[in-house]
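Participant: Below are the structure tokens for one structure; questions will follow.
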Amino acid sequence: MPTNKSVSKAPITQFVNCRILRDHKLQREDLWVREGRILDPEKLFFDEEGYADQRVDCEGLIIAPGFIDVQINGGYGIDFSQATSNVRGGVALVAKKILEHGVTSFLPTLVTSPPNIYHKVGTTSTPVLSTCPFQICKPHPPGLALQAGCHLEGPFISLEKKGAHPEQYLRSFQSGGMLDLIETYGTLDNVAMVTLAPELPNSEKVVRELAQRGITVSLGHSVANLSQAEEAVQNGASFITHLFNAMLPFHHRDPGIVGLLTSDQVPQDRTVFYGMIADGIHTNSAALRIAHRAHPTGLVLVTDAITAMGLPPGRHTLGQQVIEIQGLHAYVAGTKTLSGSIATMDMCVRHFKQASGCSVEQALEAASLHPAQLLGITRCKGTLDYGADADLVLLDDAINVRATYIAGQEVWRK
Amino acid sequence: MKLIILNDYDQVGEWAAKYIRNKIINFNPGPDRFFILGLPTGGTPLGCYKKLIEFYKKGEISFKYVKTFNMDEYVGIPRNHPESYHSFMWNNLFKHIDIKSENTHILDGNAANLVEECDSFEEKIKAAGGIDLFVGGIGPDGHIAFNEPGSSLLSRTRVKTLAQDTILANARFFDGDLSKVPTMALTVGVATVMDAREVMILITGVHKAFALYKAIEEGVNHMWTVSAFQQHPQTVFVCDEDATLELRVKTVKYFRGMMHVHNKLVDPLPPK
């Protein structure tokens, strides 16, 4: 507030004694915030003759942009694909709890489901941010991570690579494409991302149309070969859902979807991003390293967390299933069959750094900058640039989350 | 003049910072009694600024009642350009200390009327009561601020076209592209600096040695504008060994012999 009031009277917070992630490096700089956005202190000084109302001593911690999880199926007993009586409440519960993992924006993910689920559940997400550079970003509900639209994983996927998705609800583009989508999903208004298998006939039109609407098209649960995958990318696909899982394995004469990481058919001005579940279980560390080294700037950390994430060890009944949690593993009770991932985003960042040997900056960017670039929302998320939303995560050197801020307000502290 | 000869760049920065610190503390500034400091930019004063920031962080000094006037600024580059002198001062000094923006003054190279901007800068210095200590550097061509060779020794704040040497020397800050280097600047005049109650010039490096020789061992000459300070009653030149390489051995020995006296000026002051 101490300014000549030429721009704003709102209070100014200065985070001092911290290292901030900016320009791909951790720098010893103060971070300034006003009205929920990162402020340019030089402009404040010269234009407004202003200085901070309040200083927050970060005691040497790292400040990174809040993490963005583009694939999370639920947690803490909540399943996003279930039509419960209180869908909104369920999503809000997860949105609050994941703040503890440093996640400030996420895409609630729905696995292959019958149309009535999409119609009921899909409409409860807040509108999408994917055309961010051209419109003002929607404000957060207070104290919760932002639901930046849904990720619809299926049902237009390959039968052979359905994984844990229910077979009876898989679909194809039999009515020509978009009609099938609207029939299945109801509306595309709140959709940020769709995972589909590009080898399904008529997929090209769908990919093009979705991409044109600003919806991220992801390839996954697919037996596509490399050319089919490349064609999908040229039509607008930009993401790979959990690389290596639910797709053909890399083969030296046809690398399949994995080959997109080094494909020369990707248009010059575009990047193919790929999700990795870096929990140490879903992907072997050597495979993680191969992907990272082949295409470091495209790596996006995802949790792909299921309902059981966040629950204490032991047995839990979730829907029709009984799950047993042992450490970082979630098994179908009584078996050694993995039933999904229960790693949290901060665990993934730590594991990724340790397994790949990458720098702290690269590990943090894989969970913040890269997903923001994927979704096209870097103007306000995923960076600490001036004007970006002040969604922050404070971490120690071992990448443990100590505090989380949304729009410059503290929403969680250890 | 006092010629302070130190071993290297770091010592020069430290000595100069201590001198400024002691001056401010002894002046005892307050809400109706500001200490007015003139400041330079460039590589030479960086070490001094780092030390001043250190002293501020240790609590030895405050800039709450200090006003600053910078020597110069480029014409025509945006204020937030990384090479503007506004950016330099913000990044290397202002953002680290407790100085208020309204107490800092830097010429505006994007003003609609440059001549008016220069005149008003002179008025502001007068209104502040004149400069208590003007700190400056020296160019390889002996210039003070942007008072290039041939500048009148009676000059005031004005627009100057930069000499080719200066433009070449600055190219390294503009990606080596000569077309990007500003060709004009606003600068305080030689007489503007001479009006200060005290002047301190920092000179480091062998490439400044010839200019230092011309400035203090030859006559007052508008081709080496720093020589004007031979006629100022209170000037301190602070330099490193390398900068003395063109001076007479006799000059160097004389002033080195005085160091034990001059060093008293930078001794830590007893707490009040």
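Numbering starts fresh at 1 for the residues of each chain in the structure tokens, the chains themselves are lettered A, B, ... in the order given, and ligands are numbered from 1 as they appear.
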Quick one: everything within 7 Å of Leu61 in chain A, counting only C-alpha atoms, minus sequence neighbours fewer than 3 positions away in the same chain. Send it as an MDAnalysis selection string.
Facilitator: chainID A and resid 18:19 58 394:396
Participant: Restrict the selected residues to all heavy atoms and save them as a short mmCIF file (atom, residue, chain, number, x, y, z; two decimals), in the first residue's frame.
Facilitator:
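So again-v4.cif came out as:
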data_model
loop_
_atom_site.label_atom_id
_atom_site.label_comp_id
_atom_site.auth_asym_id
_atom_site.auth_seq_id
_atom_site.Cartn_x
_atom_site.Cartn_y
_atom_site.Cartn_z
N CYS A 18 14.76 -15.97 0.45
CA CYS A 18 14.30 -17.16 -0.27
C CYS A 18 15.09 -17.31 -1.56
O CYS A 18 15.81 -16.41 -1.97
CB CYS A 18 12.82 -17.01 -0.60
SG CYS A 18 12.43 -15.46 -1.43
N ARG A 19 14.91 -18.47 -2.19
CA ARG A 19 15.48 -18.67 -3.52
C ARG A 19 14.31 -18.96 -4.44
O ARG A 19 13.53 -19.89 -4.18
CB ARG A 19 16.44 -19.87 -3.53
CG ARG A 19 17.77 -19.60 -2.86
CD ARG A 19 18.47 -20.90 -2.50
NE ARG A 19 17.79 -21.57 -1.42
CZ ARG A 19 17.82 -22.90 -1.24
NH1 ARG A 19 18.48 -23.67 -2.09
NH2 ARG A 19 17.18 -23.44 -0.23
N CYS A 58 11.22 -16.28 4.51
CA CYS A 58 11.13 -17.67 4.08
C CYS A 58 12.25 -18.54 4.65
O CYS A 58 12.33 -19.73 4.31
CB CYS A 58 11.14 -17.75 2.56
SG CYS A 58 9.79 -16.84 1.84
N LEU A 394 6.46 -23.54 -1.13
CA LEU A 394 7.74 -23.34 -0.44
C LEU A 394 8.29 -24.71 -0.06
O LEU A 394 7.58 -25.52 0.54
CB LEU A 394 7.54 -22.47 0.81
CG LEU A 394 7.66 -20.95 0.60
CD1 LEU A 394 6.59 -20.43 -0.34
CD2 LEU A 394 7.61 -20.23 1.92
N LEU A 395 9.53 -24.95 -0.43
CA LEU A 395 10.13 -26.27 -0.22
C LEU A 395 11.50 -26.13 0.40
O LEU A 395 12.20 -25.14 0.20
CB LEU A 395 10.32 -26.96 -1.59
CG LEU A 395 9.12 -27.02 -2.52
CD1 LEU A 395 9.51 -26.67 -3.93
CD2 LEU A 395 8.54 -28.42 -2.49
N ASP A 396 11.91 -27.19 1.11
CA ASP A 396 13.29 -27.20 1.58
C ASP A 396 14.16 -27.87 0.51
O ASP A 396 13.67 -28.29 -0.54
CB ASP A 396 13.41 -27.90 2.94
CG ASP A 396 12.94 -29.35 2.91
OD1 ASP A 396 12.98 -29.98 1.82
OD2 ASP A 396 12.54 -29.87 3.97
#
Participant: Excluding Asn73 in chain A and any residue of its chain fewer than 5 positions from it, enumerate the residues within 6 Å of it, using only C-alpha atoms, and give them as number ranges by chain.
Facilitator: A: 80, 109, 305-306
Participant: Name the closest residue to Leu260 in chain A among the candidates A:Glu231, A:Asp346, A:Glu49, A:Asp279; distances are taken between atoms, counting only C-alpha atoms.
Facilitator: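 Ranked by minimum distance to Leu260 in chain A, first place goes to A:Glu231.
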Participant: Kindly give the distance, in Å, that separates CA of Gly66 in chain A and CA of Asn17 in chain A, rounded to a single decimal.
Facilitator: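 Atom-to-atom, CA of Gly66 in chain A and CA of Asn17 in chain A are spaced 18.8 Å apart.
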Participant: Can you check which parts of range 232-308 of chain A lie within 12 Å of range 371-379 of chain A? Per residue, the shortest pair of atoms and distance in Å to one decimal, counting only C-alpha atoms, sorted by chain and number, as a Markdown table.
Facilitator:
| residue | atom | partner | partner_atom | distance |
| --- | --- | --- | --- | --- |
| A:Ala237 | CA | A:Leu374 | CA | 10.6 |
| A:Ser238 | CA | A:Leu374 | CA | 7.3 |
| A:Phe239 | CA | A:Leu374 | CA | 7.4 |
| A:Ile240 | CA | A:Leu374 | CA | 10.7 |
| A:Arg270 | CA | A:Leu374 | CA | 10.0 |
| A:Thr271 | CA | A:Leu374 | CA | 8.3 |
| A:Val272 | CA | A:Leu374 | CA | 8.3 |
| A:Phe273 | CA | A:Leu374 | CA | 6.6 |
| A:Tyr274 | CA | A:Leu374 | CA | 9.2 |
| A:Gly275 | CA | A:Pro371 | CA | 9.0 |
| A:Met276 | CA | A:Pro371 | CA | 11.4 |
| A:Thr297 | CA | A:Gln373 | CA | 10.2 |
| A:Gly298 | CA | A:Leu374 | CA | 8.6 |
| A:Leu299 | CA | A:Pro371 | CA | 8.6 |
| A:Val300 | CA | A:Pro371 | CA | 5.8 |
| A:Leu301 | CA | A:Pro371 | CA | 7.9 |
| A:Val302 | CA | A:Pro371 | CA | 9.0 |
Participant: At a cut-off of 8 Å, which residues of chain B touch chain A? Count only C-alpha atoms and give the answer as a count of residues only.
Facilitator: 7
Participant: Check the DSSP output for the backbone and give back, as an mmCIF file with C-alpha atoms, in the first residue's frame, the residues of range 136-204 of chain A in alpha helix (DSSP H).
Facilitator:
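Result file selection.cif:
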data_model
loop_
_atom_site.group_PDB
_atom_site.id
_atom_site.type_symbol
_atom_site.label_atom_id
_atom_site.label_comp_id
_atom_site.auth_asym_id
_atom_site.auth_seq_id
_atom_site.Cartn_x
_atom_site.Cartn_y
_atom_site.Cartn_z
ATOM 1 C CA MET A 178 -17.549 -35.324 -32.813
ATOM 2 C CA LEU A 179 -21.091 -36.633 -32.618
ATOM 3 C CA ASP A 180 -19.826 -39.606 -30.642
ATOM 4 C CA LEU A 181 -17.999 -37.271 -28.309
ATOM 5 C CA ILE A 182 -20.973 -35.037 -27.605
ATOM 6 C CA GLU A 183 -23.235 -38.057 -27.192
ATOM 7 C CA THR A 184 -20.836 -39.573 -24.683
ATOM 8 C CA TYR A 185 -19.592 -36.556 -22.765
ATOM 9 C CA SER A 203 -10.000 -40.077 -35.005
ATOM 10 C CA GLU A 204 -8.271 -37.471 -37.229
#
